[in-house]
Amino acid sequence: MSAVPDKPSLDNIESGWIQAWESEGIYAFDRTATRENVFAIDTPPPTVSGSLHMGHVFSYTHTDTVARFWRMRGKSVFYPMGWDDNGLPTERRVQNYFGVSCDSSVPYDPNLTPPFRGDPPKDHKPVPVSRPNFIELCEELTAEDEKIFEDLFRRLGLSVDWSLLYATIDERSRRASQRAFLRNLSRGEAYTQEAPTLWDVDFKTAVAQAELEDRERPGAYHTLAFHRSDGSGDILIDTTRPELLAACVALVAHPDDDRYKPLFGTTVRTPLFGVEVPVLAHPLAQIDKGTGIAMCCTFGDLTDVTWWRELRLPMRAIIGRDGRIVADAPQGLTDARGLEHFSALAGKSAKQAQTAIAEMLVASGEMIGEPRAISHPVKFYEKGDRPLEIVTSRQWYIRNGGRDVALRDELLARGAGLAWHPDHMRHRYSNWVEGLNGDWLISRQRYFGVPVPVWYRLDEHGEIVYDSPLVPDESQLPIDPSTDVPVGYDASQRGQAHGFVGDPDVMDTWATSSLTPQIAGQWEDNADLFSRVFPFDVRPQGHDIIRTWLFSTMVRAHFEHDRAPWRNAALSGWILDPDRKKMSKSKGNVVTPIDLFEKYGSDAVRYWSAGARPGIDTAFSEDQMKVGRKLATKLLNVSKFVLGFGDADESLAPTHPVDLAMLQKLSVVVNEATAAFEAYDYARALERTESFFWWFCDDYVELVKTRAYATHGEEGALSARIALRRALSTLHRLFAPILPFVTEEVWRWWQEGSVHRAPWPVHADVWREEGFTVHGDSIIDSVCHVLGEIRRAKTEAKVSQKAVVESVVVTATPSQIDGLTSAWSDIADAGSVSSWSAAPDDDATDITVSVVLAPVAP
RNA sequence: GGGCGUUUAGCUCAGUUGGCUAGAGCAUCUCCCUUACAAGGAGAGGGUCGGGGGUUCGAGUCCCUCAACGCCCACCA
């Protein structure tokens, strides 16, 4: 406890309290707490490969307010932090930061010095480094980034228990990730399969359905002439991807399309290449699209994959994993002229090949008319820059209901059983699950990730035997199959006939982050801890990753624990650009969180965040931060003022009706704020509290301050002081989850310990039914109404509020008059009123006030 | 094409089982240096609650319908 300062200030109050909270262990999780006394949060691990932006500040504040509420309610709050440093974003950042690229063929250099540390020149060509060197650089850079994130989160005032920190690439995460995978494998929930897969040609990795996005791109319809094998003429098809012509394996039309019915079962020859392909029927073909008959290639899009599979077509892949036309002509292409055409395309990118083949088609007369420009949606990897191709590769999958109705229904039921905040977000989940069209592809052909923990036997020819992978024992985890050796083999057998080889892939970042409850709760590593936190109370996250993070976490917990991993899902909205309508002002000035913390204080930034209702997108607003700053300042000043009246025992009963009425009003606010927080509606809790607070400062304090100075005797003064201090204590605690710094500052002026460990206020402590009958619940409203009329009279007369009022006449019902009489002394003090009279009127509907101002001295 | 959300003052938004004359903050305007706070205080103006229809004694609130905007998903020859 410290004294009330003469000049309270918000300047730089953060650092002192950050240190005090750490040294006092205010936010430490109590590991002895039983599950029912724990509030466990499955914190989103931010990707640390970028900068911390206002979106982080916004959503993490929301969670923090709820965490603080439950802590004050007496729960042991399990509030961990994690860093999502695993995966592609980190790789990309390391490449750009150090000016290197990963090349598995380069030997490890223990003394490697990267060519740059930050901002290599644009024309710099990346220097190839070994995979171990690359991973070291990833670890080095993420460690730096994580320090910055931690400092910012502390500055924001997150009540995280930093001893619970994890990173998605650390040993604990790798162990959990591999353990969960191996259990999925042993139960048949994970499997490997060679199949056509969406492929990013720049990152050279497979991507999953959940990581796709459509982008509108210009394209062009090319009309090509296919030649009927019986020589009876041509069939015209429209395609946006003529460069795939050599990969054509069939023409497909709708079975009911009368135009093409006679052709089903016949064959045609492709333009330029002269390959004979069948004309087939399939319901996915759209009669009204293009010419109604499509060229099916291996593979132009996912419809091609369906046709290829269901119509049992041959494979004629021509796009390589680098996105270029392969060197060798596909099977079936034997025509000499066709081979010539093909070799002219080999090695070109898809885009280059399109230009080249269009010229060839024009030259051969097999393109009808000019290409017609269109704009159409094209599938991209969400982090990628070029359209996805489809290539055939061997990948690992985890079942997710995309190919299994029973499992899908189970997962839908899991989602339906969650409490969603806001509730309508549940539709995003069910919408996604119902629309799944395949299992979850988890393997990635990358470097900085958790390795797929299996090896494969090699047969007598040194060929990989995929159907019975060699797996490690769980006690060995985590492993790296590229350096570790399976039981029963020695290192010399790696890559040898009858030996083994490690799976070269890593798992998708979601395959690890889908296990954040298990990682943070330390699952098999610390079963006691896990039993105290799992299933978690809440998963806070953005609504944009319901289909990825939320759903995948549900899948893993469903398989592993046969239950949902949490009870609640709290979805936060997005920050919108405030200038999105004013383009001219949006240039320059990128606002960073740290600047705002310094300009307005952390509490003010939190105030802006907490003003947004759960799940609602919100415009960035410095104006709101100014309001938050004002609120914090007011809290300092009013606290100083109230405490300046001197001590009073808050457990005593106030006696004055105005004081009792105020406390009764506050007790309602306590109930409302409590209910709001219980429903994850921090914004409503803040709004109720704030609204009361300003009324408390502007009206109640003004009414009673003269009396509190003991100008009318000790009894009235004592009642006011008790009420003021009881209200102040309550307000400090109601604001504590939203404004942790200023409330701690003022709390410690007069209380022991941290406000953040103080008990959350309850109705019964504020309003104790102290044996006094209030003159109806409107007494305080009547009093404020009269005070307001007096103030208005002064404003309209353009005189100071301290101007003396000669007389006031109030017309009201007798019962209202009774109430006003009991409080008149306070009104007179606050309004500088000399005398008043009452005009009782049984029929009065309103309180009318006539004010006569004292003549102003000239 | 399917799903979800939003639409209330110039701006950002409250308005929780239908109920006094629809609220707050910001912005605007007026006044006040009153000793907790001028980085403050006291007031004022400003709204056909997106349009239309319906239920009801009574609708911002419930139902139907239309529209605009936004998001998610699907389609992608």
# chains A, B, ... in the order shown; residues from 1 in each chain; ligands from 1
$ interface_residues --of "chain B" --to "chain A" --cutoff "10 Å" --atoms "only C-alpha atoms (C1' of nucleotides)" --output "compact mmCIF listing (two decimals) with C-alpha atoms (C1' of nucleotides), in the first residue's frame"
# COMPACT_ATOMS: atom_id res chain seq x y z
C1' G B 2 -25.81 -22.13 -50.67
C1' G B 3 -24.98 -20.16 -45.68
C1' C B 4 -24.20 -16.21 -42.13
C1' G B 5 -24.09 -11.30 -40.58
C1' U B 6 -25.01 -6.00 -40.84
C1' U B 12 -18.63 4.71 -34.27
C1' C B 13 -22.15 2.00 -31.91
C1' A B 14 -25.79 0.53 -27.37
C1' C B 20 -42.87 5.83 -20.41
C1' A B 24 -24.13 6.89 -25.34
C1' G B 25 -19.39 8.43 -27.02
C1' C B 26 -16.96 11.20 -30.79
C1' U B 30 -22.94 27.52 -26.38
C1' C B 31 -21.39 28.52 -21.54
C1' C B 32 -18.06 27.93 -17.19
C1' U B 34 -16.17 25.70 -9.53
C1' A B 36 -10.23 15.84 -7.56
C1' C B 37 -9.65 16.59 -12.66
C1' A B 39 -5.29 16.42 -21.00
C1' G B 40 -11.49 19.41 -17.13
C1' G B 41 -16.78 20.62 -16.21
C1' A B 42 -22.08 22.12 -17.40
C1' G B 43 -25.54 22.24 -21.35
C1' A B 44 -27.74 22.40 -26.52
C1' G B 70 -19.90 -7.36 -45.79
C1' C B 71 -18.02 -12.29 -44.67
C1' C B 72 -17.76 -17.74 -45.34
C1' C B 73 -18.43 -21.79 -48.67
C1' A B 74 -19.34 -23.87 -53.52
C1' C B 75 -18.70 -23.34 -58.90
C1' C B 76 -13.98 -22.69 -61.77
C1' A B 77 -13.66 -26.56 -69.11
$ select_by_dssp --residues "stretch 241-376 of chain A" --states "alpha helix (DSSP H)" --output "ChimeraX atom specification"
/A:302-310,336-345,350-364
$ write_last_selection --atoms "N, CA and C atoms" --output "short mmCIF file (atom, residue, chain, number, x, y, z; two decimals), in the first residue's frame"
data_model
loop_
_atom_site.label_atom_id
_atom_site.label_comp_id
_atom_site.auth_asym_id
_atom_site.auth_seq_id
_atom_site.Cartn_x
_atom_site.Cartn_y
_atom_site.Cartn_z
N LEU A 302 -9.76 -29.62 -60.38
CA LEU A 302 -10.20 -30.76 -59.57
C LEU A 302 -11.29 -31.57 -60.28
N THR A 303 -12.02 -30.93 -61.19
CA THR A 303 -13.00 -31.68 -61.96
C THR A 303 -12.29 -32.71 -62.85
N ASP A 304 -11.16 -32.30 -63.40
CA ASP A 304 -10.36 -33.24 -64.19
C ASP A 304 -9.99 -34.46 -63.36
N VAL A 305 -9.63 -34.20 -62.08
CA VAL A 305 -9.23 -35.31 -61.22
C VAL A 305 -10.40 -36.27 -61.03
N THR A 306 -11.58 -35.70 -60.84
CA THR A 306 -12.77 -36.53 -60.67
C THR A 306 -13.04 -37.36 -61.92
N TRP A 307 -12.98 -36.69 -63.06
CA TRP A 307 -13.22 -37.42 -64.32
C TRP A 307 -12.17 -38.50 -64.53
N TRP A 308 -10.94 -38.15 -64.29
CA TRP A 308 -9.83 -39.09 -64.48
C TRP A 308 -10.04 -40.34 -63.62
N ARG A 309 -10.48 -40.09 -62.36
CA ARG A 309 -10.65 -41.21 -61.45
C ARG A 309 -11.90 -42.02 -61.82
N GLU A 310 -13.01 -41.32 -62.02
CA GLU A 310 -14.27 -42.04 -62.20
C GLU A 310 -14.39 -42.65 -63.59
N ALA A 336 4.83 -38.18 -84.84
CA ALA A 336 6.12 -37.51 -85.03
C ALA A 336 5.95 -35.99 -84.97
N ARG A 337 4.91 -35.50 -85.63
CA ARG A 337 4.68 -34.06 -85.61
C ARG A 337 4.31 -33.62 -84.19
N GLY A 338 3.54 -34.46 -83.52
CA GLY A 338 3.15 -34.16 -82.14
C GLY A 338 4.37 -34.08 -81.23
N LEU A 339 5.30 -35.00 -81.41
CA LEU A 339 6.50 -34.99 -80.57
C LEU A 339 7.32 -33.74 -80.82
N GLU A 340 7.32 -33.32 -82.06
CA GLU A 340 8.03 -32.10 -82.41
C GLU A 340 7.42 -30.90 -81.68
N HIS A 341 6.10 -30.84 -81.74
CA HIS A 341 5.43 -29.76 -81.03
C HIS A 341 5.71 -29.81 -79.54
N PHE A 342 5.69 -31.02 -79.01
CA PHE A 342 5.89 -31.14 -77.57
C PHE A 342 7.28 -30.66 -77.16
N SER A 343 8.28 -31.06 -77.94
CA SER A 343 9.64 -30.68 -77.54
C SER A 343 9.82 -29.17 -77.60
N ALA A 344 9.01 -28.52 -78.42
CA ALA A 344 9.10 -27.06 -78.47
C ALA A 344 8.55 -26.43 -77.19
N LEU A 345 7.69 -27.18 -76.50
CA LEU A 345 7.09 -26.65 -75.28
C LEU A 345 7.87 -27.03 -74.03
N ALA A 350 4.11 -22.66 -67.42
CA ALA A 350 2.75 -22.80 -67.91
C ALA A 350 2.34 -21.57 -68.72
N LYS A 351 2.75 -20.43 -68.24
CA LYS A 351 2.37 -19.18 -68.92
C LYS A 351 3.05 -19.06 -70.29
N GLN A 352 4.36 -19.37 -70.30
CA GLN A 352 5.09 -19.31 -71.56
C GLN A 352 4.54 -20.33 -72.55
N ALA A 353 4.21 -21.51 -72.00
CA ALA A 353 3.71 -22.57 -72.87
C ALA A 353 2.38 -22.17 -73.49
N GLN A 354 1.60 -21.43 -72.73
CA GLN A 354 0.30 -21.03 -73.27
C GLN A 354 0.47 -20.12 -74.49
N THR A 355 1.39 -19.17 -74.37
CA THR A 355 1.65 -18.28 -75.50
C THR A 355 2.16 -19.07 -76.71
N ALA A 356 3.10 -19.97 -76.42
CA ALA A 356 3.71 -20.74 -77.52
C ALA A 356 2.69 -21.62 -78.21
N ILE A 357 1.86 -22.29 -77.42
CA ILE A 357 0.94 -23.24 -78.03
C ILE A 357 -0.16 -22.50 -78.80
N ALA A 358 -0.50 -21.31 -78.32
CA ALA A 358 -1.51 -20.53 -79.05
C ALA A 358 -0.99 -20.20 -80.44
N GLU A 359 0.30 -19.84 -80.50
CA GLU A 359 0.90 -19.56 -81.82
C GLU A 359 0.88 -20.80 -82.71
N MET A 360 1.23 -21.93 -82.12
CA MET A 360 1.25 -23.18 -82.89
C MET A 360 -0.15 -23.52 -83.42
N LEU A 361 -1.15 -23.28 -82.56
CA LEU A 361 -2.51 -23.62 -82.96
C LEU A 361 -2.99 -22.70 -84.09
N VAL A 362 -2.58 -21.46 -84.00
CA VAL A 362 -2.93 -20.53 -85.08
C VAL A 362 -2.26 -21.00 -86.36
N ALA A 363 -0.98 -21.37 -86.26
CA ALA A 363 -0.23 -21.81 -87.44
C ALA A 363 -0.85 -23.05 -88.06
N SER A 364 -1.33 -23.95 -87.21
CA SER A 364 -1.89 -25.20 -87.74
C SER A 364 -3.35 -25.04 -88.13
#
$ atom_distance --atom1 "atom CA of A:Gln664" --atom2 "atom CA of A:Val766"
7.4 Å
$ select_by_dssp --residues "stretch 405-448 of chain A" --states "strand (DSSP E)" --output "list of chain:residue names"
A:Ala419, A:Trp420, A:His421, A:Trp440, A:Leu441, A:Ser443, A:Arg444
$ closest_residue --among "A:Trp523, A:Tyr397, A:Phe116, A:Phe299" --to "A:Glu560" --atoms "only C-alpha atoms"
A:Trp523
$ atom_distance --atom1 "atom CA of A:Pro114" --atom2 "atom CA of A:Phe98"
5.7 Å
$ closest_residue --among "A:Phe597, A:Phe226, A:Phe530, A:Trp17" --to "A:Ile368" --atoms "only C-alpha atoms"
A:Phe226
$ residues_around --residues "stretch 54-61 of chain B" --least-positions-apart "5" --cutoff "12 Å" --atoms "only C-alpha atoms (C1' of nucleotides)" --output "ChimeraX atom specification"
/B:7-8,14-20,22-23,47,49
$ residues_around --residues "A:Ala3" --least-positions-apart "6" --cutoff "9 Å" --atoms "only C-alpha atoms (C1' of nucleotides)" --output "ChimeraX atom specification"
/A:748-750
$ write_last_selection --atoms "N, CA, C and O atoms" --output "compact mmCIF listing (two decimals), in the first residue's frame"
# COMPACT_ATOMS: atom_id res chain seq x y z
N ARG A 748 -3.58 0.16 -5.18
CA ARG A 748 -2.50 0.02 -4.21
C ARG A 748 -2.27 1.30 -3.40
O ARG A 748 -1.45 1.32 -2.49
N TRP A 749 -2.99 2.36 -3.72
CA TRP A 749 -2.93 3.53 -2.85
C TRP A 749 -3.58 3.22 -1.50
O TRP A 749 -3.30 3.86 -0.51
N TRP A 750 -4.50 2.30 -1.50
CA TRP A 750 -5.30 2.14 -0.27
C TRP A 750 -5.63 0.71 0.08
O TRP A 750 -6.30 0.45 1.07
$ atom_distance --atom1 "atom CA of A:Phe534" --atom2 "atom CA of A:Arg35"
8.1 Å
$ residues_around --residues "stretch 410-415 of chain A" --least-positions-apart "6" --cutoff "8 Å" --atoms "only C-alpha atoms (C1' of nucleotides)" --output "list in words"
Gly401, Arg426, Tyr429, Ser430, Val433, Met554, Val555, His558, Arg563 and Ala564 of chain A
$ write_last_selection --atoms "all heavy atoms" --output "compact mmCIF listing (two decimals), in the first residue's frame"
# COMPACT_ATOMS: atom_id res chain seq x y z
N GLY A 401 -13.42 -36.70 -42.20
CA GLY A 401 -14.83 -36.73 -42.55
C GLY A 401 -15.09 -36.33 -44.00
O GLY A 401 -16.23 -36.41 -44.46
N ARG A 426 -21.09 -20.73 -35.26
CA ARG A 426 -21.19 -22.18 -35.40
C ARG A 426 -21.50 -22.58 -36.84
O ARG A 426 -21.14 -23.65 -37.28
CB ARG A 426 -22.25 -22.75 -34.46
CG ARG A 426 -23.67 -22.30 -34.74
CD ARG A 426 -24.70 -23.00 -33.84
NE ARG A 426 -24.51 -22.73 -32.42
CZ ARG A 426 -24.02 -23.62 -31.56
NH1 ARG A 426 -23.70 -24.83 -31.95
NH2 ARG A 426 -23.89 -23.29 -30.30
N TYR A 429 -18.48 -23.32 -38.99
CA TYR A 429 -17.91 -24.65 -38.76
C TYR A 429 -18.69 -25.70 -39.53
O TYR A 429 -18.13 -26.47 -40.31
CB TYR A 429 -17.95 -24.94 -37.26
CG TYR A 429 -17.47 -26.31 -36.85
CD1 TYR A 429 -16.15 -26.52 -36.49
CD2 TYR A 429 -18.33 -27.40 -36.80
CE1 TYR A 429 -15.70 -27.77 -36.12
CE2 TYR A 429 -17.90 -28.65 -36.43
CZ TYR A 429 -16.58 -28.84 -36.08
OH TYR A 429 -16.14 -30.08 -35.71
N SER A 430 -20.00 -25.73 -39.34
CA SER A 430 -20.79 -26.79 -39.98
C SER A 430 -20.76 -26.62 -41.51
O SER A 430 -20.67 -27.60 -42.24
CB SER A 430 -22.22 -26.77 -39.47
OG SER A 430 -22.81 -25.51 -39.63
N VAL A 433 -17.42 -28.16 -42.61
CA VAL A 433 -17.34 -29.61 -42.47
C VAL A 433 -18.23 -30.28 -43.52
O VAL A 433 -17.84 -31.27 -44.14
CB VAL A 433 -17.74 -30.05 -41.05
CG1 VAL A 433 -17.72 -31.57 -40.92
CG2 VAL A 433 -16.79 -29.42 -40.02
N MET A 554 -10.27 -29.88 -33.32
CA MET A 554 -11.41 -30.73 -33.01
C MET A 554 -11.17 -32.16 -33.50
O MET A 554 -11.44 -33.14 -32.80
CB MET A 554 -12.66 -30.14 -33.67
CG MET A 554 -13.93 -30.82 -33.26
SD MET A 554 -14.34 -30.49 -31.53
CE MET A 554 -15.44 -29.08 -31.73
N VAL A 555 -10.64 -32.28 -34.71
CA VAL A 555 -10.37 -33.60 -35.28
C VAL A 555 -9.40 -34.39 -34.39
O VAL A 555 -9.64 -35.55 -34.06
CB VAL A 555 -9.78 -33.46 -36.70
CG1 VAL A 555 -9.27 -34.81 -37.21
CG2 VAL A 555 -10.82 -32.90 -37.66
N HIS A 558 -10.97 -35.32 -31.05
CA HIS A 558 -12.00 -36.33 -31.27
C HIS A 558 -11.37 -37.72 -31.36
O HIS A 558 -11.82 -38.66 -30.71
CB HIS A 558 -12.77 -36.00 -32.55
CG HIS A 558 -13.78 -37.04 -32.94
ND1 HIS A 558 -14.95 -37.23 -32.24
CD2 HIS A 558 -13.78 -37.96 -33.94
CE1 HIS A 558 -15.64 -38.21 -32.80
NE2 HIS A 558 -14.95 -38.67 -33.83
N ARG A 563 -13.50 -36.47 -27.30
CA ARG A 563 -14.30 -35.36 -26.79
C ARG A 563 -13.79 -34.08 -27.43
O ARG A 563 -12.71 -34.04 -27.99
CB ARG A 563 -14.20 -35.28 -25.27
CG ARG A 563 -12.80 -34.93 -24.76
CD ARG A 563 -12.70 -35.12 -23.27
NE ARG A 563 -13.81 -34.44 -22.60
CZ ARG A 563 -14.11 -34.59 -21.31
NH1 ARG A 563 -13.38 -35.41 -20.57
NH2 ARG A 563 -15.10 -33.93 -20.77
N ALA A 564 -14.59 -33.03 -27.31
CA ALA A 564 -14.14 -31.73 -27.81
C ALA A 564 -13.03 -31.23 -26.90
O ALA A 564 -13.06 -31.48 -25.70
CB ALA A 564 -15.31 -30.74 -27.84
$ closest_residue --among "A:Val755, A:Ile790, A:Leu280, A:Leu596" --to "A:Phe620" --atoms "only C-alpha atoms"
A:Leu596
